[in-house]
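S.K.: Have a look at this one before I ask anything.
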2 protein chains.
Amino acid sequence: MDAALLIEDVRLTPILIADPPLLNTQGVHQPYTPRLVVEVVTRGGVTGVGETYGDGTYLELAEPLARVLPGRPVSDVNGLFALAEEVCGAARGADERVDAGGLRGAQTADKLRLSVVSGFEVACLDALGKTLGLPVHALLGGKVRDRVEYSAYLFYRWAAHPAAGERDDWGAALDPAGVVAQARRFARDHGFTSFKLKGGVFPPDEEIAAVRALAEAFPGQPLRLDPNGAWSVETSLRVAEELKGVLEYLEDPASGTEAMARVSAGTDLPLATNMCVTTLAELPEAFARDAVQIVLSDHHYWGGLHRTRELAATCRAFGVGLSMHSNTHLGVSLAAMTHVAATVPDLGHACDSHYPWQTEDVLTTRHTFEDGHLTVSEAPGLGVELDRDRLAALHRRWLDDDGTLRSRDDAAAMRQADPGWVAPAVPRW
Amino acid sequence: MDAALLIEDVRLTPILIADPPLLNTQGVHQPYTPRLVVEVVTRGGVTGVGETYGDGTYLELAEPLARVLPGRPVSDVNGLFALAEEVCGAARGADERVDAGGLRGAQTADKLRLSVVSGFEVACLDALGKTLGLPVHALLGGKVRDRVEYSAYLFYRWAAHPAAGERDDWGAALDPAGVVAQARRFARDHGFTSFKLKGGVFPPDEEIAAVRALAEAFPGQPLRLDPNGAWSVETSLRVAEELKGVLEYLEDPASGTEAMARVSAGTDLPLATNMCVTTLAELPEAFARDAVQIVLSDHHYWGGLHRTRELAATCRAFGVGLSMHSNTHLGVSLAAMTHVAATVPDLGHACDSHYPWQTEDVLTTRHTFEDGHLTVSEAPGLGVELDRDRLAALHRRWLDDDGTLRSRDDAAAMRQADPGWVAPAVPRW
């Protein structure tokens, strides 16, 4: 092994990035959300970059992992899992319930660790690609498409955060007209032709009306609705009945495999999930019960890009569709998503991405959607460059925070507007 | 993309290699068996090598694929599948039954094509690794072990082929004493501590006696018996009952998922397969019915090393064990098997390999087992070098053959000794 490929140093930079007041069933996005930027520096002087969740629980695991990486080959990404288990896992059982953050599916130590590993894996692949002169997709066996399609991610939202925070020019979207206006702007600015509405915010009939308004505004274009498991089986079935032929798929109408299987049994509308299937352990039952027809992968949840490809293969074997979930993320993760998505043969739906909502990034050049697509980069590694001044400024914000924003808590943010708010139990409707 | 990585030329060299008179339920190995050596040459002047089945049906598909590869990046192995489908698939439906050779599981055009692609994928990875200075395992995300364990592959056999053919010094093995003597020589020469007996040759009680003799000679060491699906469910259950606590696992006692599921339901002895699960399409039913507890992967069947890793991941998700099947192969495929096996986290059993039976190879240096293990090569690519004189000589043999040996046919070989022989219908016992 060429010594230039050995890891010399690992840098972890927790940051806080601006996030608009987007509503979901648990509350509202905080004005700033934590992310962790992982940099892996090789002895050859090449720096690779990765990105993952930045909440305190993730940072806690990232630190010991960062300490043991120097001296290992940057190409050894398969070894990261056992290593992470060794250095981070001693204190907790794999299935032990931990608070890994809201609306992220299973909350186990094992999954938390995979989310942390994903940031390191991507950074290693970026460094490896830069060293070898190969794009990350080539390190995964090569792209099978030149562009990856993304969908517009529509949110009910306020015009401004109730307390401090950046204010953008989007205004509020709290009814069908607001949702359609948001969609039109997304279509105009980025060329998106698929639309996903984050639901679970208003009573189902209001959200059905919003979807119908979208269908009228964008006839024949793919539409999705995602209430994050907020509905009962009965409500889910009623919405499915009302929106069949209108929606491309319904995402996580109810919570958990049992409820999803019951919904699935009662409707022909395909069900997608990034909540009831977010770990390998959840696959067999969900597939056996036909609880979901489309798995929305997330390379953070599944432990990186190689594992995402493996998930895709498992879905293929079982005739389950695949697309991609997104949580608030920056351009590093969007590049990683695009590279891995480009290598998966059977990506049948436009991927989700919060990226257009993120006005701040750590890159020198933002990604640009054309006709709702990103072109797969042919530059070495991920094909992105860190803007160190931006990174330092966002890290400064993290340092300056008194701790209240260092872990994302949408219910706490909602209490700024509604002091009595607690995240609703499911099913909410 | 660096122009040095573009494919300049592809060379296909069908060869015939000596094979001893090893017995199985369909007949006996022919004196010579066909293999196909695939060489991919890059514009950078690097040559990568792969190996796959060499029967006429495979060669027919390899030729059009070889013609369209020049100009494509050698790193683009994911693209080989669609390309092969495009150039080879037009004439045949994916599920169309084709004669892909005996005892190789499902016989579909799709699977045949994957077996062909595997030889090209390995050649591409070898060329890519040599160009980049990285071992193939590093191109798959890196090894998680330094050595891969193999098992001794014991066969009932004759001392010599009935007609022409090389004669080795092993002598016959047609009873328990002969099998034990063979195992002792394997243990002495290669250090194997796991033993697999190819069964389905004699009535089950004789094979039970051979396994018992092995258990006495090698107390506590892992033993396996593989009758290639020759038994009825009832016979399988009787053998399982007699050999529980003696065998590590029973391999393909009965034919097909239905029969295997019924055997599995009636015994606690783990069942392994390289026959009822050899394609993605066969996985869901076999897993749902718990028909097998261990899948014996074969990178030829599954379409190469990346796909083998994906199979491993699917097995992991479903709690199914993984090990590796072997058909007659040379050192190129053994190197490929070792690289991919080194990257799979949960390889719970010693892999099979026919290699010790193959006295002829196309490499300048043969692989050497130590304590039953092969050390994972750190040299660029597969870490093997073609012996061009040997290759030319084995190709000459193929050219000189009148066609009778260019497709493997163990029943035809058996007819040299027993003119009335036809491959027995299953269940045979």
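Letters A, B, ... mark the chains of the structure tokens in the order given; residue numbers begin at 1 per chain; ligand numbers begin at 1, in order shown.
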Taking only C-alpha atoms into account, produce a table as JSON lines in which each residue of chain B with an atom at most 6 Å from an atom of chain A appears once, together with its shortest atom pair and the distance in Å to one decimal, ordered by chain and rising number.

M.R.:
```
{"residue": "B:Ser75", "atom": "CA", "partner": "A:Ala138", "partner_atom": "CA", "distance": 5.8}
{"residue": "B:Asp76", "atom": "CA", "partner": "A:Gly142", "partner_atom": "CA", "distance": 4.4}
{"residue": "B:Val77", "atom": "CA", "partner": "A:Gly141", "partner_atom": "CA", "distance": 5.2}
{"residue": "B:Asn78", "atom": "CA", "partner": "A:Gly141", "partner_atom": "CA", "distance": 5.2}
{"residue": "B:Gly79", "atom": "CA", "partner": "A:Val144", "partner_atom": "CA", "distance": 5.7}
{"residue": "B:Ala138", "atom": "CA", "partner": "A:Ser75", "partner_atom": "CA", "distance": 5.8}
{"residue": "B:Gly141", "atom": "CA", "partner": "A:Val77", "partner_atom": "CA", "distance": 5.2}
{"residue": "B:Gly142", "atom": "CA", "partner": "A:Asp76", "partner_atom": "CA", "distance": 4.4}
{"residue": "B:Val144", "atom": "CA", "partner": "A:Gly79", "partner_atom": "CA", "distance": 5.7}
{"residue": "B:Leu280", "atom": "CA", "partner": "A:Ala317", "partner_atom": "CA", "distance": 4.9}
{"residue": "B:Pro284", "atom": "CA", "partner": "A:Phe318", "partner_atom": "CA", "distance": 5.9}
{"residue": "B:Glu310", "atom": "CA", "partner": "A:Glu310", "partner_atom": "CA", "distance": 4.9}
{"residue": "B:Ala313", "atom": "CA", "partner": "A:Glu310", "partner_atom": "CA", "distance": 5.9}
{"residue": "B:Thr314", "atom": "CA", "partner": "A:Thr314", "partner_atom": "CA", "distance": 5.2}
{"residue": "B:Ala317", "atom": "CA", "partner": "A:Leu280", "partner_atom": "CA", "distance": 4.9}
{"residue": "B:Phe318", "atom": "CA", "partner": "A:Pro284", "partner_atom": "CA", "distance": 5.9}
```

S.K.: Would you write out those residues with all heavy atoms, as a tab-separated table (two decimals), in the first residue's frame?

M.R.:
```
chain	number	residue	atom	x	y	z
B	75	SER	N	-12.87	1.36	-15.32
B	75	SER	CA	-13.49	1.49	-13.98
B	75	SER	C	-15.01	1.30	-14.03
B	75	SER	O	-15.65	1.14	-13.00
B	75	SER	CB	-13.18	2.88	-13.41
B	75	SER	OG	-13.58	3.89	-14.33
B	76	ASP	N	-15.57	1.29	-15.22
B	76	ASP	CA	-17.03	1.23	-15.34
B	76	ASP	C	-17.52	-0.22	-15.37
B	76	ASP	O	-17.92	-0.75	-16.40
B	76	ASP	CB	-17.48	1.96	-16.61
B	76	ASP	CG	-18.98	1.87	-16.79
B	76	ASP	OD1	-19.67	1.49	-15.83
B	76	ASP	OD2	-19.46	2.17	-17.89
B	77	VAL	N	-17.50	-0.85	-14.20
B	77	VAL	CA	-17.96	-2.24	-14.15
B	77	VAL	C	-19.46	-2.32	-13.91
B	77	VAL	O	-20.11	-3.29	-14.33
B	77	VAL	CB	-17.18	-3.07	-13.10
B	77	VAL	CG1	-15.72	-3.24	-13.56
B	77	VAL	CG2	-17.22	-2.44	-11.72
B	78	ASN	N	-20.04	-1.31	-13.27
B	78	ASN	CA	-21.50	-1.33	-13.11
B	78	ASN	C	-22.22	-1.30	-14.46
B	78	ASN	O	-23.32	-1.84	-14.59
B	78	ASN	CB	-21.98	-0.12	-12.29
B	78	ASN	CG	-21.53	-0.19	-10.84
B	78	ASN	OD1	-21.37	-1.27	-10.28
B	78	ASN	ND2	-21.31	0.97	-10.23
B	79	GLY	N	-21.57	-0.67	-15.43
B	79	GLY	CA	-22.20	-0.54	-16.73
B	79	GLY	C	-22.17	-1.82	-17.56
B	79	GLY	O	-22.84	-1.90	-18.60
B	138	ALA	N	-8.91	-3.55	-2.21
B	138	ALA	CA	-9.04	-2.12	-1.89
B	138	ALA	C	-10.05	-1.43	-2.81
B	138	ALA	O	-10.69	-0.46	-2.41
B	138	ALA	CB	-7.68	-1.42	-1.99
B	141	GLY	N	-13.44	-1.65	-1.29
B	141	GLY	CA	-13.62	-1.05	0.03
B	141	GLY	C	-12.65	-1.54	1.08
B	141	GLY	O	-12.69	-1.10	2.22
B	142	GLY	N	-11.80	-2.48	0.69
B	142	GLY	CA	-10.74	-2.92	1.61
B	142	GLY	C	-11.05	-4.22	2.32
B	142	GLY	O	-12.19	-4.54	2.62
B	144	VAL	N	-11.18	-7.03	5.29
B	144	VAL	CA	-11.44	-7.04	6.73
B	144	VAL	C	-10.74	-8.23	7.38
B	144	VAL	O	-10.90	-8.46	8.57
B	144	VAL	CB	-12.95	-7.04	7.07
B	144	VAL	CG1	-13.61	-5.78	6.57
B	144	VAL	CG2	-13.65	-8.27	6.48
B	280	LEU	N	-30.70	-13.62	-7.95
B	280	LEU	CA	-31.48	-12.72	-7.09
B	280	LEU	C	-32.93	-13.16	-7.02
B	280	LEU	O	-33.56	-13.10	-5.95
B	280	LEU	CB	-31.43	-11.29	-7.63
B	280	LEU	CG	-30.17	-10.46	-7.40
B	280	LEU	CD1	-30.41	-9.03	-7.86
B	280	LEU	CD2	-29.76	-10.48	-5.93
B	284	PRO	N	-35.92	-14.33	-2.52
B	284	PRO	CA	-37.05	-14.03	-1.63
B	284	PRO	C	-37.79	-15.28	-1.15
B	284	PRO	O	-38.03	-15.44	0.05
B	284	PRO	CB	-37.95	-13.15	-2.50
B	284	PRO	CG	-37.02	-12.48	-3.46
B	284	PRO	CD	-36.00	-13.54	-3.77
B	310	GLU	N	-22.76	-7.57	-2.71
B	310	GLU	CA	-24.18	-7.23	-2.53
B	310	GLU	C	-24.97	-8.44	-2.03
B	310	GLU	O	-25.82	-8.31	-1.15
B	310	GLU	CB	-24.75	-6.71	-3.85
B	310	GLU	CG	-24.14	-5.37	-4.26
B	310	GLU	CD	-24.55	-4.90	-5.64
B	310	GLU	OE1	-25.32	-5.61	-6.32
B	310	GLU	OE2	-24.10	-3.82	-6.04
B	313	ALA	N	-24.39	-8.82	1.57
B	313	ALA	CA	-25.15	-7.86	2.36
B	313	ALA	C	-26.60	-8.29	2.51
B	313	ALA	O	-27.21	-8.15	3.58
B	313	ALA	CB	-25.07	-6.47	1.72
B	314	THR	N	-27.17	-8.81	1.44
B	314	THR	CA	-28.56	-9.28	1.50
B	314	THR	C	-28.67	-10.44	2.48
B	314	THR	O	-29.60	-10.49	3.30
B	314	THR	CB	-29.05	-9.68	0.10
B	314	THR	OG1	-28.91	-8.56	-0.78
B	314	THR	CG2	-30.50	-10.13	0.12
B	317	ALA	N	-28.58	-9.13	5.99
B	317	ALA	CA	-29.84	-8.51	6.40
B	317	ALA	C	-30.86	-9.56	6.84
B	317	ALA	O	-31.66	-9.32	7.74
B	317	ALA	CB	-30.41	-7.68	5.26
B	318	PHE	N	-30.81	-10.70	6.19
B	318	PHE	CA	-31.81	-11.73	6.47
B	318	PHE	C	-31.30	-12.81	7.42
B	318	PHE	O	-31.95	-13.84	7.60
B	318	PHE	CB	-32.32	-12.34	5.15
B	318	PHE	CG	-33.31	-11.42	4.48
B	318	PHE	CD1	-32.87	-10.30	3.78
B	318	PHE	CD2	-34.67	-11.63	4.60
B	318	PHE	CE1	-33.77	-9.42	3.20
B	318	PHE	CE2	-35.59	-10.76	4.02
B	318	PHE	CZ	-35.13	-9.65	3.32
```

S.K.: Find the distance between atom CA of B:Leu391 and atom CA of B:Gln416 and write it in Å to one decimal.

M.R.: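 For atom CA of B:Leu391 relative to atom CA of B:Gln416, the distance reads 27.9 Å.
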
S.K.: Within 6 Å of B:Asp410, counting only C-alpha atoms, which residues show up once you throw out same-chain ones fewer than 5 positions away? Write them as a PDB file with all heavy atoms, in the first residue's frame, please.

M.R.:
```pdb
ATOM      1  N   GLY B  27     -22.277 -37.801 -13.303  1.00  0.00           N
ATOM      2  CA  GLY B  27     -21.310 -38.582 -14.052  1.00  0.00           C
ATOM      3  C   GLY B  27     -19.919 -38.380 -13.502  1.00  0.00           C
ATOM      4  O   GLY B  27     -19.699 -38.475 -12.292  1.00  0.00           O
ATOM      5  N   VAL B  28     -19.004 -38.038 -14.390  1.00  0.00           N
ATOM      6  CA  VAL B  28     -17.607 -37.887 -13.987  1.00  0.00           C
ATOM      7  C   VAL B  28     -17.014 -36.709 -14.767  1.00  0.00           C
ATOM      8  O   VAL B  28     -17.435 -36.427 -15.887  1.00  0.00           O
ATOM      9  CB  VAL B  28     -16.825 -39.201 -14.269  1.00  0.00           C
ATOM     10  CG1 VAL B  28     -16.803 -39.541 -15.771  1.00  0.00           C
ATOM     11  CG2 VAL B  28     -15.408 -39.148 -13.706  1.00  0.00           C
ATOM     12  N   HIS B  29     -16.088 -36.007 -14.144  1.00  0.00           N
ATOM     13  CA  HIS B  29     -15.439 -34.901 -14.854  1.00  0.00           C
ATOM     14  C   HIS B  29     -14.754 -35.434 -16.106  1.00  0.00           C
ATOM     15  O   HIS B  29     -14.140 -36.499 -16.080  1.00  0.00           O
ATOM     16  CB  HIS B  29     -14.389 -34.225 -13.964  1.00  0.00           C
ATOM     17  CG  HIS B  29     -14.962 -33.382 -12.864  1.00  0.00           C
ATOM     18  ND1 HIS B  29     -14.301 -32.288 -12.346  1.00  0.00           N
ATOM     19  CD2 HIS B  29     -16.136 -33.468 -12.179  1.00  0.00           C
ATOM     20  CE1 HIS B  29     -15.045 -31.741 -11.387  1.00  0.00           C
ATOM     21  NE2 HIS B  29     -16.159 -32.447 -11.263  1.00  0.00           N
TER      22      HIS B  29
END
```

S.K.: Please compute the atom CA of B:His190-atom CA of B:Leu154 distance, one decimal, in Å.

M.R.: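 So the two atoms, atom CA of B:His190 and atom CA of B:Leu154, lie 13.1 Å apart.
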
S.K.: I need the residue nearest A:Gln358 from this list: A:Thr257, A:Thr328, A:Ser297, A:Thr235. Use only C-alpha atoms for the distance.

M.R.: A:Thr328

S.K.: Would you please give, as number ranges by chain, all residues of stretch 57-191 of chain A that DSSP assigns to helix (DSSP H, G or I) based on the backbone?

M.R.: A: 57-68, 80-88, 109-132, 136-139, 176-190

S.K.: So which residues touch stretch 194-207 of chain B within 10 Å, counting only C-alpha atoms, skipping near sequence neighbours fewer than 6 positions away, as an NGL selection string?

M.R.: :B and (22-28 or 149-157 or 174-176 or 179 or 183 or 186-187 or 213-215 or 218 or 220-231 or 235-236 or 238-239 or 242 or 247-251 or 253 or 349-353 or 372 or 427-429)

S.K.: Identify all residues of stretch 69-314 of chain B in strand (DSSP E or B) (DSSP on the backbone) and supply them as a PDB file with N, CA, C and O atoms, in the first residue's frame.

M.R.:
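After the write, part26.pdb holds the following:
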```pdb
ATOM      1  N   PRO B  73     -14.363   3.239 -20.062  1.00  0.00           N
ATOM      2  CA  PRO B  73     -13.418   3.253 -18.936  1.00  0.00           C
ATOM      3  C   PRO B  73     -13.392   1.873 -18.259  1.00  0.00           C
ATOM      4  O   PRO B  73     -14.437   1.249 -18.066  1.00  0.00           O
ATOM      5  N   ARG B  97     -35.006 -20.546 -20.535  1.00  0.00           N
ATOM      6  CA  ARG B  97     -34.143 -21.629 -20.093  1.00  0.00           C
ATOM      7  C   ARG B  97     -33.071 -21.893 -21.151  1.00  0.00           C
ATOM      8  O   ARG B  97     -33.358 -22.038 -22.319  1.00  0.00           O
ATOM      9  N   THR B 108     -30.837 -19.982 -16.784  1.00  0.00           N
ATOM     10  CA  THR B 108     -31.543 -18.937 -17.526  1.00  0.00           C
ATOM     11  C   THR B 108     -30.540 -18.104 -18.310  1.00  0.00           C
ATOM     12  O   THR B 108     -29.353 -18.039 -17.973  1.00  0.00           O
ATOM     13  N   PRO B 135      -4.524  -3.123  -4.662  1.00  0.00           N
ATOM     14  CA  PRO B 135      -5.054  -4.489  -4.775  1.00  0.00           C
ATOM     15  C   PRO B 135      -6.566  -4.465  -5.007  1.00  0.00           C
ATOM     16  O   PRO B 135      -7.246  -3.508  -4.612  1.00  0.00           O
ATOM     17  N   ARG B 147      -6.261 -13.210   5.780  1.00  0.00           N
ATOM     18  CA  ARG B 147      -6.209 -14.533   5.167  1.00  0.00           C
ATOM     19  C   ARG B 147      -7.626 -15.040   4.986  1.00  0.00           C
ATOM     20  O   ARG B 147      -8.525 -14.718   5.763  1.00  0.00           O
ATOM     21  N   VAL B 148      -7.836 -15.847   3.965  1.00  0.00           N
ATOM     22  CA  VAL B 148      -9.152 -16.446   3.710  1.00  0.00           C
ATOM     23  C   VAL B 148      -9.010 -17.962   3.828  1.00  0.00           C
ATOM     24  O   VAL B 148      -8.106 -18.553   3.239  1.00  0.00           O
ATOM     25  N   GLU B 149      -9.913 -18.555   4.589  1.00  0.00           N
ATOM     26  CA  GLU B 149      -9.818 -20.005   4.796  1.00  0.00           C
ATOM     27  C   GLU B 149     -10.569 -20.768   3.703  1.00  0.00           C
ATOM     28  O   GLU B 149     -11.675 -20.398   3.314  1.00  0.00           O
ATOM     29  N   TYR B 150      -9.962 -21.838   3.257  1.00  0.00           N
ATOM     30  CA  TYR B 150     -10.596 -22.739   2.289  1.00  0.00           C
ATOM     31  C   TYR B 150     -10.712 -24.132   2.903  1.00  0.00           C
ATOM     32  O   TYR B 150      -9.992 -24.470   3.842  1.00  0.00           O
ATOM     33  N   ALA B 152     -10.965 -28.437   2.234  1.00  0.00           N
ATOM     34  CA  ALA B 152     -10.567 -29.503   1.312  1.00  0.00           C
ATOM     35  C   ALA B 152     -11.816 -29.977   0.584  1.00  0.00           C
ATOM     36  O   ALA B 152     -12.860 -30.190   1.208  1.00  0.00           O
ATOM     37  N   TYR B 153     -11.690 -30.139  -0.718  1.00  0.00           N
ATOM     38  CA  TYR B 153     -12.847 -30.542  -1.517  1.00  0.00           C
ATOM     39  C   TYR B 153     -12.622 -32.003  -1.912  1.00  0.00           C
ATOM     40  O   TYR B 153     -11.919 -32.295  -2.880  1.00  0.00           O
ATOM     41  N   LEU B 154     -13.227 -32.904  -1.156  1.00  0.00           N
ATOM     42  CA  LEU B 154     -13.023 -34.339  -1.364  1.00  0.00           C
ATOM     43  C   LEU B 154     -14.005 -34.877  -2.403  1.00  0.00           C
ATOM     44  O   LEU B 154     -15.184 -34.501  -2.404  1.00  0.00           O
ATOM     45  N   PHE B 155     -13.521 -35.743  -3.239  1.00  0.00           N
ATOM     46  CA  PHE B 155     -14.353 -36.373  -4.277  1.00  0.00           C
ATOM     47  C   PHE B 155     -14.161 -37.886  -4.264  1.00  0.00           C
ATOM     48  O   PHE B 155     -13.029 -38.374  -4.111  1.00  0.00           O
ATOM     49  N   ARG B 157     -13.550 -40.728  -6.624  1.00  0.00           N
ATOM     50  CA  ARG B 157     -12.877 -40.612  -7.918  1.00  0.00           C
ATOM     51  C   ARG B 157     -12.277 -41.942  -8.355  1.00  0.00           C
ATOM     52  O   ARG B 157     -12.077 -42.855  -7.562  1.00  0.00           O
ATOM     53  N   ALA B 173     -10.641 -43.312  -5.080  1.00  0.00           N
ATOM     54  CA  ALA B 173     -11.256 -43.126  -3.748  1.00  0.00           C
ATOM     55  C   ALA B 173     -12.729 -43.462  -3.940  1.00  0.00           C
ATOM     56  O   ALA B 173     -13.482 -42.669  -4.511  1.00  0.00           O
ATOM     57  N   PHE B 195     -13.496 -30.066   5.741  1.00  0.00           N
ATOM     58  CA  PHE B 195     -13.569 -31.046   4.659  1.00  0.00           C
ATOM     59  C   PHE B 195     -14.971 -31.123   4.094  1.00  0.00           C
ATOM     60  O   PHE B 195     -15.943 -31.225   4.848  1.00  0.00           O
ATOM     61  N   LYS B 196     -15.048 -31.080   2.774  1.00  0.00           N
ATOM     62  CA  LYS B 196     -16.329 -31.244   2.105  1.00  0.00           C
ATOM     63  C   LYS B 196     -16.239 -32.460   1.202  1.00  0.00           C
ATOM     64  O   LYS B 196     -15.294 -32.574   0.412  1.00  0.00           O
ATOM     65  N   LEU B 197     -17.217 -33.334   1.298  1.00  0.00           N
ATOM     66  CA  LEU B 197     -17.272 -34.495   0.409  1.00  0.00           C
ATOM     67  C   LEU B 197     -18.369 -34.284  -0.622  1.00  0.00           C
ATOM     68  O   LEU B 197     -19.527 -34.040  -0.277  1.00  0.00           O
ATOM     69  N   LYS B 198     -17.982 -34.355  -1.893  1.00  0.00           N
ATOM     70  CA  LYS B 198     -18.976 -34.332  -2.964  1.00  0.00           C
ATOM     71  C   LYS B 198     -19.681 -35.688  -2.970  1.00  0.00           C
ATOM     72  O   LYS B 198     -19.064 -36.735  -3.184  1.00  0.00           O
ATOM     73  N   LEU B 223     -17.134 -30.658   8.862  1.00  0.00           N
ATOM     74  CA  LEU B 223     -17.356 -31.588   7.747  1.00  0.00           C
ATOM     75  C   LEU B 223     -18.643 -31.219   7.023  1.00  0.00           C
ATOM     76  O   LEU B 223     -19.611 -30.783   7.651  1.00  0.00           O
ATOM     77  N   ARG B 224     -18.645 -31.423   5.715  1.00  0.00           N
ATOM     78  CA  ARG B 224     -19.842 -31.136   4.916  1.00  0.00           C
ATOM     79  C   ARG B 224     -20.043 -32.244   3.884  1.00  0.00           C
ATOM     80  O   ARG B 224     -19.064 -32.845   3.437  1.00  0.00           O
ATOM     81  N   LEU B 225     -21.280 -32.415   3.485  1.00  0.00           N
ATOM     82  CA  LEU B 225     -21.614 -33.415   2.476  1.00  0.00           C
ATOM     83  C   LEU B 225     -22.548 -32.759   1.467  1.00  0.00           C
ATOM     84  O   LEU B 225     -23.492 -32.071   1.851  1.00  0.00           O
ATOM     85  N   ASP B 226     -22.270 -32.965   0.188  1.00  0.00           N
ATOM     86  CA  ASP B 226     -23.000 -32.263  -0.877  1.00  0.00           C
ATOM     87  C   ASP B 226     -23.403 -33.225  -1.984  1.00  0.00           C
ATOM     88  O   ASP B 226     -22.627 -33.473  -2.911  1.00  0.00           O
ATOM     89  N   ALA B 230     -29.431 -34.739  -5.024  1.00  0.00           N
ATOM     90  CA  ALA B 230     -29.772 -36.079  -5.539  1.00  0.00           C
ATOM     91  C   ALA B 230     -30.801 -36.830  -4.699  1.00  0.00           C
ATOM     92  O   ALA B 230     -31.275 -37.885  -5.103  1.00  0.00           O
ATOM     93  N   TYR B 249     -22.624 -28.513   8.049  1.00  0.00           N
ATOM     94  CA  TYR B 249     -23.857 -28.281   7.318  1.00  0.00           C
ATOM     95  C   TYR B 249     -24.014 -29.334   6.231  1.00  0.00           C
ATOM     96  O   TYR B 249     -23.053 -30.008   5.864  1.00  0.00           O
ATOM     97  N   LEU B 250     -25.245 -29.463   5.758  1.00  0.00           N
ATOM     98  CA  LEU B 250     -25.560 -30.371   4.666  1.00  0.00           C
ATOM     99  C   LEU B 250     -25.849 -29.484   3.458  1.00  0.00           C
ATOM    100  O   LEU B 250     -26.622 -28.528   3.559  1.00  0.00           O
ATOM    101  N   GLU B 251     -25.197 -29.798   2.335  1.00  0.00           N
ATOM    102  CA  GLU B 251     -25.290 -28.904   1.181  1.00  0.00           C
ATOM    103  C   GLU B 251     -26.202 -29.511   0.120  1.00  0.00           C
ATOM    104  O   GLU B 251     -25.988 -30.645  -0.318  1.00  0.00           O
ATOM    105  N   ALA B 254     -31.508 -31.895  -1.351  1.00  0.00           N
ATOM    106  CA  ALA B 254     -32.625 -32.118  -2.278  1.00  0.00           C
ATOM    107  C   ALA B 254     -32.660 -30.986  -3.294  1.00  0.00           C
ATOM    108  O   ALA B 254     -32.035 -29.944  -3.119  1.00  0.00           O
ATOM    109  N   LEU B 271     -28.683 -26.087   6.427  1.00  0.00           N
ATOM    110  CA  LEU B 271     -28.604 -26.436   5.005  1.00  0.00           C
ATOM    111  C   LEU B 271     -27.900 -25.308   4.248  1.00  0.00           C
ATOM    112  O   LEU B 271     -28.206 -24.135   4.450  1.00  0.00           O
ATOM    113  N   ALA B 272     -26.986 -25.715   3.376  1.00  0.00           N
ATOM    114  CA  ALA B 272     -26.301 -24.747   2.510  1.00  0.00           C
ATOM    115  C   ALA B 272     -26.729 -25.012   1.077  1.00  0.00           C
ATOM    116  O   ALA B 272     -27.219 -26.094   0.754  1.00  0.00           O
ATOM    117  N   THR B 273     -26.535 -24.008   0.225  1.00  0.00           N
ATOM    118  CA  THR B 273     -26.895 -24.217  -1.179  1.00  0.00           C
ATOM    119  C   THR B 273     -26.023 -23.421  -2.130  1.00  0.00           C
ATOM    120  O   THR B 273     -25.615 -22.310  -1.832  1.00  0.00           O
ATOM    121  N   ILE B 294     -27.393 -21.175   4.774  1.00  0.00           N
ATOM    122  CA  ILE B 294     -26.102 -20.679   4.274  1.00  0.00           C
ATOM    123  C   ILE B 294     -26.150 -20.636   2.744  1.00  0.00           C
ATOM    124  O   ILE B 294     -26.444 -21.649   2.105  1.00  0.00           O
ATOM    125  N   VAL B 295     -25.873 -19.471   2.176  1.00  0.00           N
ATOM    126  CA  VAL B 295     -25.761 -19.368   0.720  1.00  0.00           C
ATOM    127  C   VAL B 295     -24.283 -19.456   0.348  1.00  0.00           C
ATOM    128  O   VAL B 295     -23.446 -18.740   0.911  1.00  0.00           O
ATOM    129  N   LEU B 296     -23.980 -20.363  -0.583  1.00  0.00           N
ATOM    130  CA  LEU B 296     -22.615 -20.493  -1.074  1.00  0.00           C
ATOM    131  C   LEU B 296     -22.503 -19.655  -2.343  1.00  0.00           C
ATOM    132  O   LEU B 296     -22.972 -20.044  -3.406  1.00  0.00           O
ATOM    133  N   SER B 297     -21.927 -18.492  -2.193  1.00  0.00           N
ATOM    134  CA  SER B 297     -21.869 -17.579  -3.328  1.00  0.00           C
ATOM    135  C   SER B 297     -20.812 -18.055  -4.312  1.00  0.00           C
ATOM    136  O   SER B 297     -19.927 -18.827  -3.977  1.00  0.00           O
TER     137      SER B 297
END
```

S.K.: Could you list, as a list in words, every residue within 10 Å of A:Glu385, counting only C-alpha atoms and ignoring same-chain residues fewer than 3 positions away?

M.R.: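 Contacts, in chain order: Thr47, Gly48, Val49, Gly331, Val332, Val362, Leu363, Thr364, Thr365, Arg366, Leu382 and Arg388 of chain A.
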